[in-house]
Each structure stands twice: as structure tokens, then as C-alpha cells.
Amino acid sequence: MAASEYATIYIVRHGETDWNVKNIVQGQSDSVLNEKGKKQAKSVSEKFKDATFDVIFSSDLSRAKQTAEIINMEHKLVVNTTKLLREKFLGKYEGGSRKIYEEENKAILEKLEKLTEEENRKFKISDEVESDEEVLVRFITILREIAVTYPGKTILVVTHNGMMRALLIHLGWASYDDLPWEGIENGAHIKLESNGVEFIIKEAEGINKINKK
């Protein structure tokens, strides 16, 4: 397939929020960028100022939409928001302390380390919480739609940590063992090329894998 039939997609994590700083579980609960988060979004905007984006998509959650709008100041496009790009739904844990969440579920979380990649993808800490597999269904769906609709174009997608982590593991760039939840920085980005079938990672910046010996 010709290179012109591939869309170039930049996937960016939103800037920092106070919930990030306080280690509060966000999920699909809404929160806004703090001052550092706004500066991070401006840094991403500066990094991409010479990029020729044709379309911008964003999660409809405020922290992602704000990030997209700040980046868009250099590009003057419409920011298209969608629920498909929202963070992983974490149910009753949203709005609570991540430390408490980890303490309450310590035994279960320890078992995760012994699961296969497939078991990890299907894992749900409770029925109401999304699995990575469920997250991927909606994320891959919209990425395929974007790639097929905009071949040869360059698209910005602003989303969340859990979405990006699930995608990187799904595409084989990382594993559950070497990409912890906190491994993706605010403002990190993935650059990939896709024709709606293939997804080829070209860059992954601000994403920190760990080496386990």
C-alpha cells in the first residue's frame, strides 16, 4: 500500500491536573489542567508548531479538551470531541486516593504480576470497571475510522494515560511488566502511521519503560 494511503496520527496525553499531583483516581471523572498542566500543553504546542495538522480529535473530558485547545492555538482548527477517547472507566474508585485503592486491592493487584498478557487485557478489578480489552475496542475503533477517513493526512488525537498504555501494549511496543501505570508522562506523545489495518509506531516520547532483570 502506498505511503499516501497511511494517515499520520499523533496521540498526546493531556497536561497535569491537581488530581494527578494528589494521586487521586481520575478515570472518566472530570478535572481541569493546573498551571503546570497548561505549561505542559504549551510545550507540546511549541513542539508541534511546524506540524501541519489537518484534523484534531480530543476526549471530551476537560483536561484533554483544554490540552487540545492550547495546542490548537498554533493551528486554528476545530477540536472534535468524543467520548470514545475518554480515560478508562474506574467506577467507584474515581475521585478516591490511588494509595487507598492499591491498599484495598493489594492481594488482587499482586496476582496481576503472574497473569499472562491476555489475562491482563481481560482483567477487571470489579464488574463496573473497564478492562483494557474494552478500552482498546473503543480506542482502536476511532483510530481506524480516523485512518480510513483521512488517508495521507496528519491528525492530532488528545487522550489519556490508560488509553495510550493499553494501545502500546496491544501493539507490542511494551508489556505490562515494563510499562507501569505511571510510565506515561503528562504531555507524552505517540506518533503512528495507519491505514486502518496496520498501526506502525514511529515515535514514543515521554514514555518510560522499566528494565526488569
# chains A, B, ... in the order shown; residues from 1 in each chain; ligands from 1
>>> closest_atom_pairs(of="segment 154-183 of chain A", to="segment 59-79 of chain A", cutoff="8 Å", atoms="only C-alpha atoms", output="Markdown table")
| residue | atom | partner | partner_atom | distance |
| --- | --- | --- | --- | --- |
| A:Val158 | CA | A:Ala64 | CA | 5.9 |
| A:Thr159 | CA | A:Ser59 | CA | 5.4 |
| A:His160 | CA | A:Ala64 | CA | 7.4 |
>>> select_by_dssp(residues="segment 73-137 of chain A", states="alpha helix (DSSP H)", output="NGL selection string")
:A and (98-104 or 106-112 or 117-122 or 132-137)
>>> closest_residue(among="A:Ile190, A:Ile146, A:Ile200, A:Leu112", to="Arg165 of chain A", atoms="only C-alpha atoms")
A:Ile190
>>> residues_around(residues="Glu128 of chain A", least_positions_apart="5", cutoff="10 Å", atoms="only C-alpha atoms", output="list of chain:residue names")
A:Phe89, A:Leu90, A:Gly91, A:Lys92
>>> write_last_selection(atoms="N, CA and C atoms", output="PDB file, in the first residue's frame")
ATOM      1  N   PHE A  89     -12.699   3.716  32.358  1.00  0.00           N
ATOM      2  CA  PHE A  89     -13.683   3.932  33.411  1.00  0.00           C
ATOM      3  C   PHE A  89     -13.313   3.090  34.627  1.00  0.00           C
ATOM      4  N   LEU A  90     -13.193   3.757  35.792  1.00  0.00           N
ATOM      5  CA  LEU A  90     -12.744   3.084  37.008  1.00  0.00           C
ATOM      6  C   LEU A  90     -13.809   3.069  38.108  1.00  0.00           C
ATOM      7  N   GLY A  91     -15.039   3.323  37.708  1.00  0.00           N
ATOM      8  CA  GLY A  91     -16.172   3.130  38.606  1.00  0.00           C
ATOM      9  C   GLY A  91     -16.075   3.831  39.946  1.00  0.00           C
ATOM     10  N   LYS A  92     -16.373   3.075  41.013  1.00  0.00           N
ATOM     11  CA  LYS A  92     -16.459   3.645  42.362  1.00  0.00           C
ATOM     12  C   LYS A  92     -15.120   4.179  42.875  1.00  0.00           C
TER      13      LYS A  92
END
>>> atom_distance(atom1="atom CA of Phe57 of chain A", atom2="atom CA of Thr82 of chain A")
7.5 Å
>>> residues_around(residues="Glu203 of chain A", least_positions_apart="5", cutoff="12 Å", atoms="only C-alpha atoms", output="PDB file with C-alpha atoms, in the first residue's frame")
ATOM      1  CA  THR A   8      -0.076  10.017  10.393  1.00  0.00           C
ATOM      2  CA  ILE A   9      -1.577  10.193  13.878  1.00  0.00           C
ATOM      3  CA  TYR A  10      -0.041  11.996  16.854  1.00  0.00           C
ATOM      4  CA  ILE A  11      -1.547  10.741  20.118  1.00  0.00           C
ATOM      5  CA  VAL A  12      -0.921  13.054  23.092  1.00  0.00           C
ATOM      6  CA  LEU A 168       1.282   0.448  23.294  1.00  0.00           C
ATOM      7  CA  TRP A 173       5.809  -1.788  21.865  1.00  0.00           C
ATOM      8  CA  ALA A 188       3.838  12.470  26.250  1.00  0.00           C
ATOM      9  CA  HIS A 189       3.093  11.520  22.662  1.00  0.00           C
ATOM     10  CA  ILE A 190       2.987   8.581  20.281  1.00  0.00           C
ATOM     11  CA  LYS A 191       3.379   9.087  16.548  1.00  0.00           C
ATOM     12  CA  LEU A 192       1.993   6.286  14.435  1.00  0.00           C
ATOM     13  CA  GLU A 193       1.056   5.617  10.841  1.00  0.00           C
TER      14      GLU A 193
END
>>> closest_residue(among="A:Leu143, A:Ile100, A:Ala41, A:Ala107", to="Tyr6 of chain A", atoms="only C-alpha atoms")
A:Leu143
>>> atom_distance(atom1="atom CA of Asn195 of chain A", atom2="atom CA of Asp54 of chain A")
16.1 Å
